[in-house]
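K.L.:
There's a structure below that I have some questions on.
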Amino acid sequence: MTKVTFRPFNSGDTGRCAQLSADAWPIVRSVVAKEDVVPFMRIYVDLSRAASTHLEMACLDNEVAGFLLGRINGDAGGMKRLSAGWSYLKSGSKLLLGRPRLRRPLVFARKFFATELKVRQCTTGSEAEVVLFVVEAKQRGLGIGRALMDRFVSAVRERQARTITLYTEPLSNWRFYERYGFTRRATFIDDLDTYFRKEETEGYVYALNL
Ligand SMILES: CC(C)(COP(=O)(O)OP(=O)(O)OC[C@H]1O[C@@H](n2cnc3c(N)ncnc32)[C@H](O)[C@@H]1OP(=O)(O)O)[C@@H](O)C(=O)NCCC(=O)NCCS
């Protein structure tokens, strides 16, 4: 594998993570104007970051080539939950006030929470979760994703947690998870992706038992 170094996320990484996420999911252009895609993804990264306790960047020549944000239950104390709640309020109100401009923000919010609810129902008892995970397109297939996941799995094992779950869908690389050893725990109609794609689309919950 190419020489990769790892370091914790810092707030200066938000823009790069937003750019990598915007490149990974161009479908968001169906709900925000082109110039608002990266600002929208910044909000998504902020929310993911608030929900995560394991935040790791993979770098090639000091340039961020990928990252994994994950949550390990025992690590999320009261303050962490409070700050996650605050981030949700802040980001939600930004979107509702039109910064960045989201087409039909109330419909988007309804679809987002409908999917979120289904995911939560399928992941009860989960002790850890992959929240946001991306490797830059030109660096995929080099083993960076596997290395980031290995490190998350080690961190989860260290905390004696036994299950990792995640939500994914057909526009994401769910095959990676199957190759890694995750199994599909649930399939459901994904309200948010159906809204993005304007055709009925499934969402999946995967789980890995350690
Ligand atoms: C998922 C992702 C992070 C994987 O990163 P990566 O660095 O390309 O993955 P790796 O090179 O470490 O691949 C690890 C293994 O998965 C396999 N794999 C990766 N993508 C695969 C695919 N589409 N189908 C089958 N196997 C796949 C690789 O062949 C490799 O197998 P091996 O280790 O047994 O040789 C990357 O594809 C990505 O960023 N995708 C877009 C965003 C996304 O979908 N994220 C997940 C959202 S829930």
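Ordering of the structure tokens sets the chain letters (A, B, ...); residue numbers start at 1 within each chain; ligands are numbered from 1 in the order shown.
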What lies within 7 Å of segment 14-30 of chain A using only C-alpha atoms, ignoring chain neighbours under 2 positions off, as a list in words?
P.N.:
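Everything that qualifies: Ser11, Gly12, Val32, Ala33, Lys34, Val37, Val38, Met41, Arg42, Val45, Val134, Glu136 and Phe196 of chain A.
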K.L.:
Determine, for each residue of chain A having at least one atom at most 6 Å from an atom of ligand 1, the closest pair of atoms and their separation in Å to one decimal, counting only C-alpha atoms and all ligand atoms; order by chain and ascending number, as a tab-separated table.
P.N.:
residue	atom	partner	partner_atom_place_in_ligand_line	distance
A:Ala24	CA	ligand 1	41 (C)	5.0
A:Phe133	CA	ligand 1	45 (N)	4.9
A:Val134	CA	ligand 1	39 (O)	3.5
A:Val135	CA	ligand 1	39 (O)	3.7
A:Arg140	CA	ligand 1	8 (O)	3.3
A:Gly141	CA	ligand 1	11 (O)	3.2
A:Leu142	CA	ligand 1	11 (O)	4.2
A:Gly143	CA	ligand 1	12 (O)	3.1
A:Ile144	CA	ligand 1	7 (O)	4.0
A:Gly145	CA	ligand 1	7 (O)	3.5
A:Arg146	CA	ligand 1	12 (O)	3.6
A:Thr168	CA	ligand 1	48 (S)	4.4
A:Ser172	CA	ligand 1	44 (O)	3.4
A:Asn173	CA	ligand 1	44 (O)	3.7
A:Arg175	CA	ligand 1	24 (N)	4.6
A:Phe176	CA	ligand 1	19 (C)	4.3
A:Arg179	CA	ligand 1	16 (O)	5.3
K.L.:
Have a look at A:Tyr180, A:Tyr195, A:Phe108, A:Tyr206 and name the one nearest to Ala147 of chain A; count only C-alpha atoms.
P.N.:
A:Tyr180
K.L.:
When you count only C-alpha atoms, which of these residues is closest to Cys122 of chain A: A:Arg185, A:Leu192, A:Lys198, A:Glu56?
P.N.:
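Under the stated criterion, the closest residue is A:Arg185.
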K.L.:
Would you please give, as a VMD selection string, all residues of segment 19-206 of chain A that DSSP assigns to strand (DSSP E or B) based on the backbone?
P.N.:
chain A and resid 32 54 to 60 63 to 72 102 128 to 135 163 to 168 183 to 189 202 to 206
K.L.:
From a DSSP pass on the backbone, collect the residues of segment 29-207 of chain A flagged as helix (DSSP H, G or I) and hand them back as a ChimeraX atom specification.
P.N.:
/A:29-30,34-51,73-75,78-96,105-122,137-139,144-158,174-180,191-197
K.L.:
May I have the residues from that selection written out with C-alpha atoms, as a JSON list (two decimals), in the first residue's frame?
P.N.:
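Wrote part00.json, looks like this:
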[["chain", "number", "residue", "atom", "x", "y", "z"],
["A", 29, "ARG", "CA", -26.98, 18.99, -6.76],
["A", 30, "SER", "CA", -30.59, 17.92, -7.10],
["A", 34, "LYS", "CA", -24.20, 24.22, -7.83],
["A", 35, "GLU", "CA", -22.39, 26.98, -5.90],
["A", 36, "ASP", "CA", -24.03, 25.83, -2.66],
["A", 37, "VAL", "CA", -22.96, 22.18, -2.85],
["A", 38, "VAL", "CA", -19.75, 22.60, -0.84],
["A", 39, "PRO", "CA", -21.35, 24.94, 1.78],
["A", 40, "PHE", "CA", -24.14, 22.38, 2.13],
["A", 41, "MET", "CA", -21.59, 19.61, 2.60],
["A", 42, "ARG", "CA", -19.81, 21.72, 5.23],
["A", 43, "ILE", "CA", -23.01, 21.54, 7.24],
["A", 44, "TYR", "CA", -23.16, 17.80, 6.72],
["A", 45, "VAL", "CA", -19.55, 17.44, 7.86],
["A", 46, "ASP", "CA", -20.24, 19.65, 10.91],
["A", 47, "LEU", "CA", -23.21, 17.49, 11.88],
["A", 48, "SER", "CA", -21.26, 14.28, 11.33],
["A", 49, "ARG", "CA", -18.40, 15.62, 13.35],
["A", 50, "ALA", "CA", -20.72, 16.57, 16.20],
["A", 51, "ALA", "CA", -22.11, 13.03, 16.22],
["A", 73, "ASN", "CA", -20.93, 4.80, 22.48],
["A", 74, "GLY", "CA", -18.99, 4.86, 25.72],
["A", 75, "ASP", "CA", -17.01, 7.88, 24.46],
["A", 78, "GLY", "CA", -23.09, 14.48, 28.35],
["A", 79, "MET", "CA", -21.08, 17.46, 27.03],
["A", 80, "LYS", "CA", -20.57, 15.73, 23.69],
["A", 81, "ARG", "CA", -24.32, 15.11, 23.37],
["A", 82, "LEU", "CA", -25.07, 18.70, 24.30],
["A", 83, "SER", "CA", -22.67, 20.03, 21.69],
["A", 84, "ALA", "CA", -24.11, 17.63, 19.09],
["A", 85, "GLY", "CA", -27.62, 18.92, 19.87],
["A", 86, "TRP", "CA", -26.40, 22.50, 19.55],
["A", 87, "SER", "CA", -24.82, 21.72, 16.15],
["A", 88, "TYR", "CA", -28.10, 20.24, 14.95],
["A", 89, "LEU", "CA", -30.00, 23.37, 16.01],
["A", 90, "LYS", "CA", -27.44, 25.71, 14.45],
["A", 91, "SER", "CA", -27.20, 23.83, 11.16],
["A", 92, "GLY", "CA", -30.94, 23.24, 10.95],
["A", 93, "SER", "CA", -31.71, 26.92, 11.38],
["A", 94, "LYS", "CA", -29.03, 27.92, 8.83],
["A", 95, "LEU", "CA", -30.69, 25.64, 6.27],
["A", 96, "LEU", "CA", -34.20, 26.86, 7.07],
["A", 105, "PRO", "CA", -36.04, 23.04, 2.96],
["A", 106, "LEU", "CA", -39.09, 21.75, 4.85],
["A", 107, "VAL", "CA", -39.54, 18.83, 2.46],
["A", 108, "PHE", "CA", -35.83, 18.10, 2.75],
["A", 109, "ALA", "CA", -36.04, 18.16, 6.56],
["A", 110, "ARG", "CA", -39.02, 15.79, 6.52],
["A", 111, "LYS", "CA", -37.23, 13.31, 4.23],
["A", 112, "PHE", "CA", -33.99, 13.57, 6.20],
["A", 113, "PHE", "CA", -35.68, 12.79, 9.51],
["A", 114, "ALA", "CA", -37.80, 10.01, 7.98],
["A", 115, "THR", "CA", -34.63, 8.22, 6.84],
["A", 116, "GLU", "CA", -32.88, 8.99, 10.13],
["A", 117, "LEU", "CA", -35.78, 7.45, 12.07],
["A", 118, "LYS", "CA", -35.69, 4.26, 9.98],
["A", 119, "VAL", "CA", -31.93, 3.99, 10.48],
["A", 120, "ARG", "CA", -32.28, 4.48, 14.25],
["A", 121, "GLN", "CA", -34.97, 1.78, 14.40],
["A", 122, "CYS", "CA", -32.67, -0.68, 12.59],
["A", 137, "ALA", "CA", -11.71, 9.42, -5.91],
["A", 138, "LYS", "CA", -8.20, 9.35, -7.40],
["A", 139, "GLN", "CA", -6.78, 7.58, -4.32],
["A", 144, "ILE", "CA", -6.64, 3.69, 2.37],
["A", 145, "GLY", "CA", -10.30, 2.92, 3.15],
["A", 146, "ARG", "CA", -9.42, -0.48, 4.59],
["A", 147, "ALA", "CA", -6.66, 1.08, 6.74],
["A", 148, "LEU", "CA", -9.05, 3.76, 8.09],
["A", 149, "MET", "CA", -11.64, 1.08, 8.85],
["A", 150, "ASP", "CA", -9.04, -1.19, 10.51],
["A", 151, "ARG", "CA", -8.08, 1.66, 12.82],
["A", 152, "PHE", "CA", -11.71, 2.38, 13.70],
["A", 153, "VAL", "CA", -12.35, -1.32, 14.38],
["A", 154, "SER", "CA", -9.28, -1.40, 16.69],
["A", 155, "ALA", "CA", -10.57, 1.66, 18.57],
["A", 156, "VAL", "CA", -13.99, 0.02, 18.94],
["A", 157, "ARG", "CA", -12.41, -3.22, 20.19],
["A", 158, "GLU", "CA", -10.33, -1.28, 22.73],
["A", 174, "TRP", "CA", -21.76, -0.43, 0.01],
["A", 175, "ARG", "CA", -19.76, -3.20, -1.68],
["A", 176, "PHE", "CA", -16.70, -2.06, 0.27],
["A", 177, "TYR", "CA", -18.52, -2.96, 3.51],
["A", 178, "GLU", "CA", -19.47, -6.43, 2.26],
["A", 179, "ARG", "CA", -15.88, -7.05, 1.19],
["A", 180, "TYR", "CA", -14.76, -5.91, 4.65],
["A", 191, "ASP", "CA", -37.02, 8.67, 1.89],
["A", 192, "LEU", "CA", -34.07, 11.04, 1.51],
["A", 193, "ASP", "CA", -32.45, 9.23, -1.42],
["A", 194, "THR", "CA", -35.82, 8.73, -3.07],
["A", 195, "TYR", "CA", -36.26, 12.50, -2.82],
["A", 196, "PHE", "CA", -32.76, 13.12, -4.26],
["A", 197, "ARG", "CA", -33.19, 10.68, -7.14]]
K.L.:
So the first atom is atom CA of Leu208 of chain A and the second is atom CA of Thr5 of chain A; what is the distance between them in Å, to one decimal place?
P.N.:
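So the two atoms, atom CA of Leu208 of chain A and atom CA of Thr5 of chain A, lie 25.2 Å apart.
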K.L.:
Taking 2 positions as the minimum chain separation for residues in the same chain, which residues sit within 12 Å of Ala186 of chain A when counting only C-alpha atoms? Answer as number ranges by chain.
P.N.:
A: 118-124, 165-169, 182-184, 188-190, 202-207
K.L.:
Could you name the residues that touch Arg71 of chain A at 7 Å or less, counting only C-alpha atoms, but leaving out those on the same chain fewer than 6 positions away, as a PyMOL selection string?
P.N.:
chain A and resi 51-54+128-131
K.L.:
Could you please take those selected residues and save C-alpha atoms as a PDB file, in the first residue's frame?
P.N.:
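So again-v6.pdb came out as:
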ATOM      1  CA  ALA A  51     -22.112  13.029  16.220  1.00  0.00           C
ATOM      2  CA  SER A  52     -18.636  11.410  16.192  1.00  0.00           C
ATOM      3  CA  THR A  53     -16.085  10.512  18.827  1.00  0.00           C
ATOM      4  CA  HIS A  54     -13.471   8.964  16.512  1.00  0.00           C
ATOM      5  CA  ALA A 128     -20.505   2.009  17.470  1.00  0.00           C
ATOM      6  CA  GLU A 129     -21.291   3.579  14.129  1.00  0.00           C
ATOM      7  CA  VAL A 130     -19.518   4.697  10.965  1.00  0.00           C
ATOM      8  CA  VAL A 131     -20.877   8.221  10.498  1.00  0.00           C
TER       9      VAL A 131
END
K.L.:
Using only C-alpha atoms, which protein or nucleic acid residues come within 12 Å of Arg7 of chain A? Drop anything in the same chain fewer than 5 positions from it, and give the result as a list in words.
P.N.:
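Neighbouring residues, sequence-local ones excluded: Asp13, His54, Leu55, Glu56, Met57, Ala58, Cys59, Leu60, Asn62, Glu63, Val64, Ala65, Gly66, Phe67, Leu68, Leu148 and Arg151 of chain A.
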K.L.:
Could you jot down the atom CA of Gly70 of chain A to atom CA of Arg159 of chain A separation for me, Å, one decimal place?
P.N.:
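If I compute the distance from atom CA of Gly70 of chain A to atom CA of Arg159 of chain A, I get 13.3 Å.
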K.L.:
In Å, with one decimal, what is the gap from atom CA of Gly125 of chain A to atom CA of Thr187 of chain A?
P.N.:
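Atom-to-atom, atom CA of Gly125 of chain A to atom CA of Thr187 of chain A, that is 17.5 Å.
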